file structure.cif (mmCIF, C-alpha atoms)
data_work
loop_
_atom_site.label_atom_id
_atom_site.label_comp_id
_atom_site.auth_asym_id
_atom_site.auth_seq_id
_atom_site.Cartn_x
_atom_site.Cartn_y
_atom_site.Cartn_z
CA MET A 250 -104.90 -3.23 42.18
CA ILE A 251 -107.61 -3.45 44.80
CA GLU A 252 -110.69 -5.45 43.83
CA ALA A 253 -114.16 -3.99 44.32
CA LEU A 254 -117.17 -6.21 44.78
CA VAL A 255 -120.60 -4.62 44.58
CA LEU A 256 -123.07 -6.51 46.75
CA THR A 257 -126.64 -5.69 45.94
CA GLY A 258 -130.12 -7.16 46.28
CA PHE A 259 -133.59 -6.07 47.27
CA LEU A 260 -134.57 -5.11 50.83
CA GLY A 261 -134.37 -8.04 53.21
CA SER A 262 -132.73 -10.39 50.74
CA GLY A 263 -129.89 -11.24 53.14
CA LYS A 264 -126.99 -9.11 51.94
CA THR A 265 -125.75 -8.20 55.40
CA THR A 266 -126.01 -11.78 56.69
CA LEU A 267 -124.00 -13.05 53.73
CA LEU A 268 -121.43 -10.30 54.12
CA ALA A 269 -121.09 -10.97 57.85
CA HIS A 270 -120.27 -14.61 57.10
CA LEU A 271 -117.85 -13.71 54.32
CA LEU A 272 -115.92 -11.33 56.54
CA ARG A 273 -115.19 -14.18 58.95
CA ARG A 274 -113.40 -16.09 56.20
CA PRO A 275 -109.63 -15.79 55.93
CA GLU A 276 -109.93 -14.91 52.23
CA PHE A 277 -111.76 -11.74 53.26
CA SER A 278 -109.45 -10.76 56.10
CA ARG A 279 -108.07 -7.76 54.23
CA THR A 280 -111.38 -6.33 53.15
CA ALA A 281 -112.77 -2.83 53.57
CA VAL A 282 -116.53 -2.53 53.64
CA ILE A 283 -118.75 0.34 52.63
CA ILE A 284 -122.34 -0.06 53.70
CA ASN A 285 -125.12 2.10 52.41
CA GLU A 286 -128.38 2.21 54.27
CA PHE A 287 -131.49 4.03 53.19
CA GLY A 288 -132.96 5.48 56.34
CA GLU A 289 -132.15 7.59 59.33
CA ILE A 290 -130.93 4.87 61.65
CA GLY A 291 -128.31 2.51 60.33
CA LEU A 292 -128.43 -1.02 61.69
CA ASP A 293 -126.44 -3.05 59.20
CA HIS A 294 -123.18 -1.54 60.37
CA ASP A 295 -123.78 -3.03 63.84
CA LEU A 296 -124.30 -6.47 62.34
CA ILE A 297 -120.92 -6.60 60.68
CA GLU A 298 -118.03 -7.83 62.76
CA ALA A 299 -114.90 -6.29 61.35
CA SER A 300 -112.29 -3.82 62.42
CA GLU A 301 -114.10 -0.57 63.10
CA GLU A 302 -111.96 1.60 60.89
CA SER A 303 -112.46 -0.48 57.77
CA VAL A 304 -116.25 -0.37 57.84
CA ILE A 305 -117.77 2.83 56.62
CA GLU A 306 -121.45 3.56 56.56
CA LEU A 307 -123.12 5.94 54.16
CA GLN A 308 -126.44 7.02 55.59
CA THR A 309 -127.43 10.11 53.72
CA GLY A 310 -129.59 8.39 51.17
CA CYS A 311 -129.72 5.80 48.48
CA LEU A 312 -126.26 5.05 47.11
CA CYS A 313 -127.38 5.24 43.52
CA CYS A 314 -128.47 8.85 43.64
CA LYS A 315 -127.94 11.22 46.56
CA VAL A 316 -124.65 9.90 47.83
CA ARG A 317 -122.98 8.89 44.60
CA ASN A 318 -120.44 11.64 45.16
CA ASP A 319 -120.16 10.47 48.74
CA LEU A 320 -119.07 7.06 47.47
CA ALA A 321 -116.24 8.60 45.45
CA THR A 322 -115.23 10.80 48.39
CA THR A 323 -115.37 7.85 50.76
CA LEU A 324 -113.23 5.70 48.49
CA HIS A 325 -110.69 8.50 48.09
CA ASP A 326 -110.54 8.88 51.86
CA LEU A 327 -110.24 5.14 52.38
CA LEU A 328 -107.35 4.91 49.92
CA ARG A 329 -105.62 7.87 51.56
CA ARG A 330 -105.92 6.25 54.99
CA ARG A 331 -104.61 2.97 53.56
CA ASP A 332 -101.60 4.79 52.14
CA GLN A 333 -100.95 6.46 55.49
CA GLY A 334 -101.16 3.13 57.25
CA SER A 335 -104.04 4.21 59.46
CA VAL A 336 -106.21 1.34 58.19
CA THR A 337 -105.29 -2.22 57.24
CA ALA A 338 -103.71 -2.54 53.79
CA PHE A 339 -106.91 -3.98 52.39
CA THR A 340 -106.86 -5.76 49.04
CA ARG A 341 -110.60 -5.79 48.49
CA VAL A 342 -113.50 -3.37 48.94
CA VAL A 343 -117.04 -4.64 49.32
CA ILE A 344 -119.71 -2.06 48.62
CA GLU A 345 -123.04 -3.16 50.04
CA THR A 346 -125.78 -1.10 48.45
CA SER A 347 -129.12 -0.29 49.95
CA GLY A 348 -131.92 -2.61 48.90
CA LEU A 349 -133.43 0.14 46.77
CA ALA A 350 -130.26 1.04 44.90
CA ASP A 351 -129.70 0.90 41.17
CA PRO A 352 -126.21 -0.64 40.79
CA ALA A 353 -125.49 1.06 37.43
CA PRO A 354 -124.45 4.50 38.73
CA ILE A 355 -122.29 2.80 41.33
CA LEU A 356 -120.46 0.86 38.63
CA GLN A 357 -120.06 4.07 36.64
CA THR A 358 -118.49 5.80 39.63
CA LEU A 359 -115.99 2.97 39.96
CA MET A 360 -115.27 3.07 36.23
CA THR A 361 -114.97 6.79 35.62
CA ASP A 362 -113.40 8.44 38.65
CA ALA A 363 -109.77 8.75 37.56
CA MET A 364 -108.24 8.24 40.97
CA ILE A 365 -110.50 5.32 41.88
CA ALA A 366 -110.19 3.63 38.50
CA GLY A 367 -106.42 3.81 38.72
CA ARG A 368 -106.33 1.79 41.93
CA ILE A 369 -109.58 -0.12 42.23
CA VAL A 370 -110.72 -2.64 39.65
CA LEU A 371 -114.31 -3.83 39.41
CA ASP A 372 -114.46 -7.49 40.31
CA GLY A 373 -118.16 -7.75 39.65
CA VAL A 374 -121.69 -7.40 40.87
CA VAL A 375 -123.15 -10.02 43.21
CA THR A 376 -126.91 -9.82 43.53
CA ILE A 377 -128.63 -11.53 46.45
CA VAL A 378 -132.12 -12.92 45.85
CA ASP A 379 -134.46 -14.13 48.57
CA ALA A 380 -135.62 -17.64 47.65
CA VAL A 381 -138.89 -17.15 49.55
CA THR A 382 -140.02 -13.77 48.29
CA GLY A 383 -137.78 -13.32 45.22
CA ILE A 384 -140.33 -14.30 42.61
CA ASP A 385 -142.90 -11.81 43.90
CA THR A 386 -140.26 -9.13 44.31
CA LEU A 387 -139.20 -9.58 40.68
CA SER A 388 -142.83 -9.24 39.64
CA TYR A 389 -143.57 -6.06 41.53
CA GLU A 390 -140.31 -4.22 42.18
CA GLU A 391 -138.69 -2.91 39.03
CA ILE A 392 -135.40 -2.12 40.75
CA SER A 393 -135.01 -5.78 41.75
CA VAL A 394 -135.19 -6.73 38.06
CA LYS A 395 -132.39 -4.31 37.27
CA GLN A 396 -130.31 -5.56 40.20
CA ALA A 397 -130.62 -9.13 38.89
CA ALA A 398 -130.05 -8.15 35.25
CA LEU A 399 -126.80 -6.35 36.03
CA ALA A 400 -125.34 -9.17 38.13
CA ASP A 401 -122.23 -11.17 37.37
CA ARG A 402 -123.28 -13.70 39.99
CA LEU A 403 -126.71 -14.33 41.51
CA VAL A 404 -126.92 -15.81 44.99
CA LEU A 405 -130.12 -17.34 46.39
CA THR A 406 -130.56 -16.99 50.13
CA LYS A 407 -133.06 -18.58 52.55
CA THR A 408 -133.22 -21.72 50.41
CA ASP A 409 -133.52 -23.73 53.63
CA LEU A 410 -136.90 -22.07 54.21
CA VAL A 411 -138.39 -23.16 50.89
CA GLY A 412 -137.31 -26.81 51.13
CA LEU A 413 -137.31 -27.75 47.48
CA THR A 414 -135.14 -26.03 44.92
CA PRO A 415 -137.10 -22.91 43.88
CA LEU A 416 -137.21 -23.83 40.19
CA PRO A 417 -139.67 -21.11 39.08
CA LEU A 418 -137.45 -18.44 40.63
CA ILE A 419 -134.30 -19.94 39.13
CA GLY A 420 -136.06 -20.09 35.77
CA ARG A 421 -136.97 -16.41 35.96
CA LEU A 422 -133.47 -15.43 36.99
CA ARG A 423 -131.94 -17.45 34.15
CA ALA A 424 -134.40 -15.90 31.72
CA LEU A 425 -133.51 -12.46 32.99
CA ASN A 426 -129.75 -12.93 33.13
CA PRO A 427 -128.59 -16.17 31.50
CA THR A 428 -124.93 -15.24 31.69
CA ALA A 429 -124.77 -15.02 35.51
CA PRO A 430 -124.31 -18.27 37.45
CA VAL A 431 -127.10 -18.86 39.99
CA LEU A 432 -125.50 -19.89 43.28
CA SER A 433 -127.03 -20.83 46.58
CA ALA A 434 -126.08 -19.71 50.09
CA GLN A 435 -126.84 -22.11 52.93
CA ARG A 436 -127.98 -20.15 55.99
CA GLY A 437 -126.25 -17.08 54.65
CA GLN A 438 -122.99 -18.88 53.95
CA ILE A 439 -121.33 -19.48 50.62
CA ASP A 440 -117.91 -20.72 49.60
CA PRO A 441 -116.04 -17.61 48.39
CA ALA A 442 -114.50 -19.69 45.59
CA HIS A 443 -118.00 -20.06 44.10
CA LEU A 444 -118.61 -16.39 44.57
CA PHE A 445 -115.77 -15.56 42.24
CA GLN A 446 -117.09 -17.68 39.37
CA GLY A 447 -117.78 -15.63 36.30
CA ARG A 448 -115.22 -12.91 36.95
CA LEU A 449 -113.12 -11.82 33.99
CA TYR A 450 -109.73 -11.71 35.65
CA ASP A 451 -108.47 -14.15 38.26
CA PRO A 452 -105.70 -12.38 40.20
CA LEU A 453 -104.48 -15.67 41.74
CA ALA A 454 -104.15 -17.47 38.42
CA LYS A 455 -103.19 -14.19 36.73
CA SER A 456 -105.35 -15.12 33.76
CA VAL A 457 -108.39 -13.90 31.91
CA ASP A 458 -111.34 -16.27 31.58
CA VAL A 459 -113.48 -14.79 28.84
CA GLN A 460 -115.66 -17.89 28.35
CA SER A 461 -116.72 -17.96 31.97
CA TRP A 462 -117.28 -14.21 31.98
CA LEU A 463 -119.40 -14.13 28.84
CA ARG A 464 -121.19 -17.49 29.15
CA VAL A 465 -122.68 -16.97 25.70
CA GLU A 466 -123.54 -20.65 25.55
CA ALA A 467 -126.14 -20.03 28.27
CA ILE A 468 -128.11 -17.80 25.89
CA PRO A 469 -130.31 -19.68 23.43
CA GLN A 470 -129.43 -18.83 19.83
CA ARG A 471 -132.91 -18.53 18.45
CA CYS A 472 -134.74 -16.37 20.91
CA ALA A 473 -133.79 -13.52 23.15
CA HIS A 474 -134.88 -13.76 26.74
CA GLN A 475 -137.50 -11.26 27.76
CA HIS A 476 -138.41 -10.56 31.34
CA GLN A 477 -140.79 -7.65 31.76
CA ASP A 478 -138.96 -5.10 29.65
CA VAL A 479 -135.42 -6.45 30.21
CA ASN A 480 -133.97 -8.63 27.48
CA THR A 481 -130.68 -10.45 27.09
CA TYR A 482 -129.13 -11.66 23.85
CA ALA A 483 -125.80 -12.23 22.20
CA ILE A 484 -124.56 -11.07 18.83
CA VAL A 485 -122.13 -13.58 17.32
CA ARG A 486 -120.12 -12.73 14.18
CA ARG A 487 -117.74 -14.88 12.21
CA ASP A 488 -116.10 -12.12 10.20
CA PRO A 489 -113.68 -9.71 11.91
CA ILE A 490 -114.97 -6.24 12.71
CA ARG A 491 -113.03 -3.14 11.74
CA ALA A 492 -111.96 -0.93 14.66
CA VAL A 493 -113.82 2.05 13.16
CA THR A 494 -116.99 -0.01 12.80
CA LEU A 495 -116.83 -1.01 16.45
CA THR A 496 -116.30 2.61 17.51
CA LEU A 497 -119.26 3.85 15.46
CA PHE A 498 -121.38 0.93 16.68
CA LEU A 499 -120.72 1.70 20.35
CA GLU A 500 -121.24 5.42 19.74
CA ALA A 501 -124.64 4.80 18.12
CA LEU A 502 -125.65 2.39 20.88
CA CYS A 503 -124.87 5.02 23.51
CA GLU A 504 -126.66 7.76 21.61
CA HIS A 505 -129.84 5.83 21.03
CA CYS A 506 -130.04 3.48 23.99
CA GLY A 507 -128.46 5.49 26.80
CA ALA A 508 -129.75 4.22 30.12
CA ASP A 509 -131.56 1.33 28.39
CA LEU A 510 -128.26 -0.32 27.56
CA LEU A 511 -127.96 -1.86 31.01
CA ARG A 512 -124.76 -3.74 30.32
CA LEU A 513 -122.67 -4.86 27.37
CA LYS A 514 -119.69 -7.19 27.45
CA GLY A 515 -117.89 -9.01 24.73
CA ILE A 516 -114.82 -10.34 23.01
CA VAL A 517 -114.29 -8.92 19.54
CA ASN A 518 -112.18 -10.07 16.62
CA ILE A 519 -110.78 -6.77 15.33
CA LEU A 520 -109.71 -6.87 11.68
CA GLU A 521 -106.60 -4.79 12.38
CA SER A 522 -105.58 -7.01 15.31
CA PRO A 523 -106.21 -10.61 14.25
CA ASN A 524 -104.14 -12.27 16.96
CA ARG A 525 -105.12 -10.10 19.91
CA PRO A 526 -108.87 -9.92 20.56
CA ALA A 527 -110.42 -6.94 22.29
CA VAL A 528 -112.50 -7.29 25.44
CA ILE A 529 -115.20 -4.64 25.69
CA HIS A 530 -117.37 -3.73 28.64
CA GLY A 531 -119.92 -0.98 29.20
CA VAL A 532 -122.59 0.05 31.66
CA GLN A 533 -125.20 2.29 30.04
CA HIS A 534 -123.21 4.97 28.18
CA VAL A 535 -119.94 4.45 30.09
CA PHE A 536 -117.34 2.14 28.57
CA HIS A 537 -113.96 0.87 29.59
CA PRO A 538 -111.31 1.28 26.90
CA PRO A 539 -110.87 -2.12 25.22
CA SER A 540 -108.54 -4.59 26.92
CA TRP A 541 -106.32 -6.38 24.43
CA LEU A 542 -105.75 -10.02 25.27
CA ALA A 543 -102.32 -11.48 24.54
CA ARG A 544 -103.95 -14.27 22.52
CA TRP A 545 -107.28 -15.89 21.75
CA PRO A 546 -108.48 -18.04 24.64
CA SER A 547 -109.42 -20.89 22.23
CA GLU A 548 -109.54 -21.79 18.55
CA ASP A 549 -112.92 -20.07 18.32
CA ARG A 550 -112.29 -16.64 16.86
CA TYR A 551 -115.88 -15.49 16.53
CA SER A 552 -116.79 -12.12 18.02
CA ARG A 553 -119.34 -12.48 20.80
CA ILE A 554 -121.09 -9.53 22.38
CA VAL A 555 -123.64 -10.01 25.17
CA PHE A 556 -126.34 -7.36 25.59
CA ILE A 557 -128.51 -6.85 28.65
CA THR A 558 -130.98 -4.13 27.75
CA ARG A 559 -134.28 -2.57 28.58
CA SER A 560 -136.39 -2.90 25.44
CA VAL A 561 -133.60 -2.50 22.90
CA PRO A 562 -134.59 -4.87 20.07
CA ARG A 563 -132.03 -7.40 18.93
CA GLY A 564 -133.09 -6.77 15.33
CA TRP A 565 -132.05 -3.12 15.58
CA VAL A 566 -128.67 -3.97 17.11
CA ASN A 567 -128.01 -6.50 14.34
CA ALA A 568 -129.13 -4.14 11.59
CA LEU A 569 -126.98 -1.36 13.02
CA LEU A 570 -123.84 -3.46 13.09
CA GLU A 571 -124.45 -4.86 9.60
CA ALA A 572 -125.11 -1.42 8.10
CA LEU A 573 -122.10 0.22 9.75
CA ASP A 574 -119.89 -2.66 8.72
CA ALA A 575 -121.02 -2.32 5.10
CA GLU A 576 -120.53 1.46 5.14
CA VAL A 577 -117.03 1.35 6.66
CA THR A 578 -116.01 -1.46 4.32
CA ALA A 579 -117.19 0.54 1.32
CA VAL A 580 -115.35 3.68 2.44
CA SER A 581 -112.17 1.70 3.18
CA ALA A 582 -112.15 -0.01 -0.24
CA MET B 8 -132.78 -2.89 -7.66
CA MET B 9 -131.28 -1.46 -4.47
CA SER B 10 -127.54 -1.28 -3.88
CA LYS B 11 -126.10 -3.22 -0.96
CA ALA B 12 -125.65 0.01 1.02
CA LEU B 13 -129.29 0.97 0.49
CA GLU B 14 -130.45 -2.52 1.46
CA HIS B 15 -128.62 -2.16 4.76
CA LEU B 16 -130.00 1.35 5.24
CA HIS B 17 -133.52 0.10 4.50
CA ALA B 18 -133.18 -2.67 7.09
CA LEU B 19 -131.67 -0.29 9.64
CA MET B 20 -134.38 2.34 9.25
CA THR B 21 -137.14 -0.28 9.43
CA GLN B 22 -135.65 -1.68 12.64
CA SER B 23 -135.09 1.83 13.98
CA LEU B 24 -138.78 2.70 13.79
CA VAL B 25 -139.48 -0.47 15.79
CA ALA B 26 -136.78 0.37 18.34
CA TRP B 27 -138.08 3.92 18.73
CA ARG B 28 -141.65 2.63 19.01
CA LEU B 29 -142.83 4.65 16.05
CA THR B 30 -145.34 3.65 13.40
CA GLY B 31 -144.39 4.46 9.83
CA THR B 32 -143.24 3.08 6.52
CA VAL B 33 -139.84 2.66 4.92
CA HIS B 34 -139.48 1.91 1.23
CA GLY B 35 -137.02 2.20 -1.62
CA THR B 36 -137.66 4.59 -4.48
CA ASN B 37 -137.08 3.98 -8.19
CA ASP B 38 -134.29 6.56 -8.30
CA GLY B 39 -132.20 4.84 -5.62
CA ALA B 40 -133.18 6.41 -2.32
CA ILE B 41 -134.99 5.43 0.87
CA LEU B 42 -138.22 7.16 1.82
CA ILE B 43 -139.52 7.21 5.39
CA SER B 44 -143.05 8.34 6.14
CA CYS B 45 -143.68 8.75 9.84
CA GLN B 46 -145.17 11.22 12.33
CA GLY B 47 -146.39 13.40 9.49
CA HIS B 48 -142.89 13.80 8.05
CA ASN B 49 -141.46 12.58 4.77
CA ILE B 50 -137.77 11.83 4.98
CA ARG B 51 -135.70 10.93 1.96
CA ILE B 52 -132.21 9.47 2.34
CA GLU B 53 -129.92 9.17 -0.66
CA GLN B 54 -126.29 8.28 -1.16
CA ALA B 55 -123.92 11.19 -1.72
CA PRO B 56 -121.78 11.20 -4.89
CA PRO B 57 -118.35 9.60 -4.32
CA HIS B 58 -116.31 12.83 -4.57
CA LEU B 59 -117.98 14.42 -1.53
CA PRO B 60 -116.60 14.14 2.02
CA PHE B 61 -119.82 12.65 3.39
CA GLN B 62 -121.78 9.53 2.63
CA TRP B 63 -125.43 10.54 2.66
CA PHE B 64 -127.95 13.30 2.10
CA VAL B 65 -130.95 13.44 4.41
CA ILE B 66 -133.86 15.45 3.05
CA ILE B 67 -136.39 16.18 5.76
CA ASP B 68 -139.52 18.01 4.67
CA ASN B 69 -137.62 19.35 1.65
CA ARG B 70 -134.61 20.55 3.66
CA ARG B 71 -131.42 18.83 2.50
CA ARG B 72 -128.54 18.12 4.89
CA PRO B 73 -125.36 16.08 4.49
CA ALA B 74 -124.51 13.24 6.86
CA ILE B 75 -120.99 11.98 7.27
CA SER B 76 -122.02 8.45 8.25
CA LEU B 77 -124.99 6.31 9.19
CA VAL B 78 -124.54 7.42 12.79
CA ALA B 79 -125.27 10.98 11.64
CA VAL B 80 -128.22 9.80 9.53
CA LEU B 81 -129.76 8.08 12.55
CA ARG B 82 -129.24 11.18 14.68
CA GLN B 83 -130.90 13.47 12.15
CA VAL B 84 -133.84 11.17 11.52
CA ARG B 85 -134.55 10.49 15.15
CA SER B 86 -134.29 14.16 16.11
CA VAL B 87 -137.20 14.86 13.79
CA LEU B 88 -139.35 11.83 14.51
CA ASP B 89 -138.88 11.55 18.25
CA PRO B 90 -139.25 14.93 20.02
CA GLY B 91 -138.36 13.39 23.38
CA TYR B 92 -135.03 12.14 22.09
CA ALA B 93 -132.01 13.43 23.98
CA THR B 94 -128.71 12.18 22.68
CA MET B 95 -126.28 10.65 25.14
CA ARG B 96 -122.59 10.66 24.31
CA ALA B 97 -120.34 7.72 25.11
CA ARG B 98 -118.04 8.27 28.07
CA ILE B 99 -114.78 6.36 28.25
CA ALA B 100 -113.37 5.27 31.59
CA PRO B 101 -109.71 6.16 32.26
CA LEU B 102 -108.50 2.56 32.46
CA ALA B 103 -109.26 -0.76 30.82
CA LEU B 104 -111.34 -3.36 32.70
CA VAL B 105 -108.31 -5.62 33.03
CA THR B 106 -104.65 -4.99 32.45
CA THR B 107 -103.24 -7.82 30.37
#
call {"tool": "encode", "arguments": {"input": "structure.cif", "output": "structure tokens"}}
result
Amino acid sequence: MIEALVLTGFLGSGKTTLLAHLLRRPEFSRTAVIINEFGEIGLDHDLIEASEESVIELQTGCLCCKVRNDLATTLHDLLRRRDQGSVTAFTRVVIETSGLADPAPILQTLMTDAMIAGRIVLDGVVTIVDAVTGIDTLSYEEISVKQAALADRLVLTKTDLVGLTPLPLIGRLRALNPTAPVLSAQRGQIDPAHLFQGRLYDPLAKSVDVQSWLRVEAIPQRCAHQHQDVNTYAIVRRDPIRAVTLTLFLEALCEHCGADLLRLKGIVNILESPNRPAVIHGVQHVFHPPSWLARWPSEDRYSRIVFITRSVPRGWVNALLEALDAEVTAVSA
Amino acid sequence: MMSKALEHLHALMTQSLVAWRLTGTVHGTNDGAILISCQGHNIRIEQAPPHLPFQWFVIIDNRRRPAISLVAVLRQVRSVLDPGYATMRARIAPLALVTT
């Protein structure tokens, strides 16, 4: 499988600089790059030093809306050219979004297109945040909040310009997305090993790291984080959940939350499968089928589901799961 | 005294009004049902008898409809109380996130 990394962040946050540095690293030598620019004249493409045929620029509009189909078409074309041997046999695709893009539809394209999903696996979303202007951007630009909320990893850039560690910004990012590690790039450079923290599957180790991926311990138990209208919380359950309950729960979440369910990820103790937990992942109303782990990663067999939402109350999510569980249990008795 | 199922339903409907940003009341009735008063509507939800193939009856402004599960109850109630509500169906990707 080819890994796909979605690189996002608000305008001017330093995405292209970071990408340019990454592409000089040997770990990224077999990487195809898709760059989306919002505007008539693309410049970012000229700033990336890589083999010409493996860098593709989408210029027709913002990647999240107008050229979403273009992304699928471009990926199909890239895979075809890889198969024909006309481009390097890349093992990774980096999709750099425009600074104004909503990453959710991009993730959905990667998840739902049958041909893409069969060959390209989502490695995660890396969101770049400008250490100088990030706190103001988060206050005034709603899309930057969503970019940060959806991230698997957050990377601060331009930290050398602010001198001291930008604690208020880090605090806001952690409040907004406590499950994503906050990393720092020095003059646009970051160790790729750090960049892959928090991914679910490590292809080198050939193992699944659910703890690192979920990072439930980063979310305080007593209060949900609230940043503007985005909130993050975890539902933890000791008792196993019936498969039907989980299906109805996810169905109701999609029906009633839709686009407000920014992201959901979790490990679930399914009653019918006590020794093989299910890993679930969704972006808005689009879900991967559950992945069944070979075994529990630790002695802890509690179900843990992390929610990143826009104004979906934790109380409603809890009440929904409890009520469905009671109903299915009663019917099954 | 409410049954366990009605207690859960009561909690769910109370939280649902909050989630949908609606102002209204939810309370249990003496004959074992839940009554919701909101947006000028009176909605009564009662458990279906055990021999029927659905779990609930939802009576909205005196019109009685069956509901196969709580998911259906929520859909019916919200459709009446929230005119801007457009249901969104779950879409399942072709492959799992990781192959293990």
call {"tool": "closest_residue", "arguments": {"input": "structure.cif", "among": "A:Val431, A:Leu410, A:Ala397, A:Ile284", "to": "Ile557 (chain A)", "atoms": "all atoms listed in the file"}}
result
A:Ala397
call {"tool": "closest_residue", "arguments": {"input": "structure.cif", "among": "B:Met20, B:Ile75, B:Ile99, B:Leu104", "to": "Arg51 (chain B)", "atoms": "only C-alpha atoms"}}
result
B:Met20
call {"tool": "residues_near_point", "arguments": {"input": "structure.cif", "point": "(-128.6, -5.5, 47.4)", "cutoff": "10 Å", "atoms": "only C-alpha atoms", "output": "JSON, numbers by chain"}}
result
{"A": [255, 256, 257, 258, 259, 260, 261, 262, 263, 264, 265, 285, 344, 345, 346, 347, 348, 349, 350, 351, 352, 374, 375, 376, 377, 378, 393, 396, 397]}
call {"tool": "interface_residues", "arguments": {"input": "structure.cif", "of": "chain B", "to": "chain A", "cutoff": "10 Å", "atoms": "all atoms listed in the file", "output": "count of residues only"}}
result
43
call {"tool": "residues_around", "arguments": {"input": "structure.cif", "residues": "Ile490 (chain A)", "least_positions_apart": "4", "cutoff": "8 Å", "atoms": "all atoms listed in the file", "output": "PyMOL selection string"}}
result
chain A and resi 494-495+517-520+574
call {"tool": "resolve_selection", "arguments": {"input": "structure.cif", "expression": "the PyMOL selection byres ((chain A and resi 481) around 8)", "output": "PyMOL selection string"}}
result
chain A and resi 425-427+468+473-475+479-480+482-483+555-558
call {"tool": "atom_distance", "arguments": {"input": "structure.cif", "atom1": "CA of Thr428 (chain A)", "atom2": "CA of Asp401 (chain A)"}}
result
7.5 Å
call {"tool": "resolve_selection", "arguments": {"input": "structure.cif", "expression": "the PyMOL selection byres ((chain A and resi 411) around 12)", "output": "ChimeraX atom specification"}}
result
/A:379-383,405-410,412-416,418,435-436
call {"tool": "atom_distance", "arguments": {"input": "structure.cif", "atom1": "CA of Leu432 (chain A)", "atom2": "CA of Val404 (chain A)"}}
result
4.6 Å
call {"tool": "atom_distance", "arguments": {"input": "structure.cif", "atom1": "CA of Val282 (chain A)", "atom2": "CA of Val343 (chain A)"}}
result
4.8 Å
call {"tool": "closest_residue", "arguments": {"input": "structure.cif", "among": "A:Ser388, A:Ser522, A:Ser433, A:Ser278", "to": "Thr340 (chain A)", "atoms": "only C-alpha atoms"}}
result
A:Ser278
call {"tool": "resolve_selection", "arguments": {"input": "structure.cif", "expression": "the PyMOL selection byres ((chain B and resi 52) around 7)", "output": "ChimeraX atom specification"}}
result
/B:40-42,50-51,53-54,63-66
call {"tool": "axis_aligned_box", "arguments": {"input": "structure.cif", "around": "region 9-13 of chain B", "padding_each_side": "4 Å", "output": "AutoDock Vina command-line options"}}
result
--center_x -128.5 --center_y -1.1 --center_z -1.7 --size_x 13.6 --size_y 12.2 --size_z 13.5
call {"tool": "closest_residue", "arguments": {"input": "structure.cif", "among": "B:Gly91, B:Gly47, B:Gly31, B:Gly39", "to": "Ile67 (chain B)", "atoms": "only C-alpha atoms"}}
result
B:Gly47
call {"tool": "decode", "arguments": {"input": "structure.cif", "residues": "region 32-46 of chain B", "atoms": "C-alpha atoms", "output": "mmCIF file, in the first residue's frame"}}
result
data_model
loop_
_atom_site.group_PDB
_atom_site.id
_atom_site.type_symbol
_atom_site.label_atom_id
_atom_site.label_comp_id
_atom_site.auth_asym_id
_atom_site.auth_seq_id
_atom_site.Cartn_x
_atom_site.Cartn_y
_atom_site.Cartn_z
ATOM 1 C CA THR B 32 -39.845 19.973 28.194
ATOM 2 C CA VAL B 33 -39.571 16.212 28.545
ATOM 3 C CA HIS B 34 -41.399 14.353 31.282
ATOM 4 C CA GLY B 35 -42.737 10.932 32.155
ATOM 5 C CA THR B 36 -46.460 10.301 32.354
ATOM 6 C CA ASN B 37 -48.328 8.236 34.938
ATOM 7 C CA ASP B 38 -49.295 5.636 32.330
ATOM 8 C CA GLY B 39 -45.699 4.867 31.358
ATOM 9 C CA ALA B 40 -44.882 7.120 28.428
ATOM 10 C CA ILE B 41 -42.650 10.103 27.676
ATOM 11 C CA LEU B 42 -44.198 13.423 26.717
ATOM 12 C CA ILE B 43 -42.254 16.090 24.836
ATOM 13 C CA SER B 44 -43.617 19.609 24.517
ATOM 14 C CA CYS B 45 -41.629 21.712 22.097
ATOM 15 C CA GLN B 46 -42.112 24.088 19.165
#
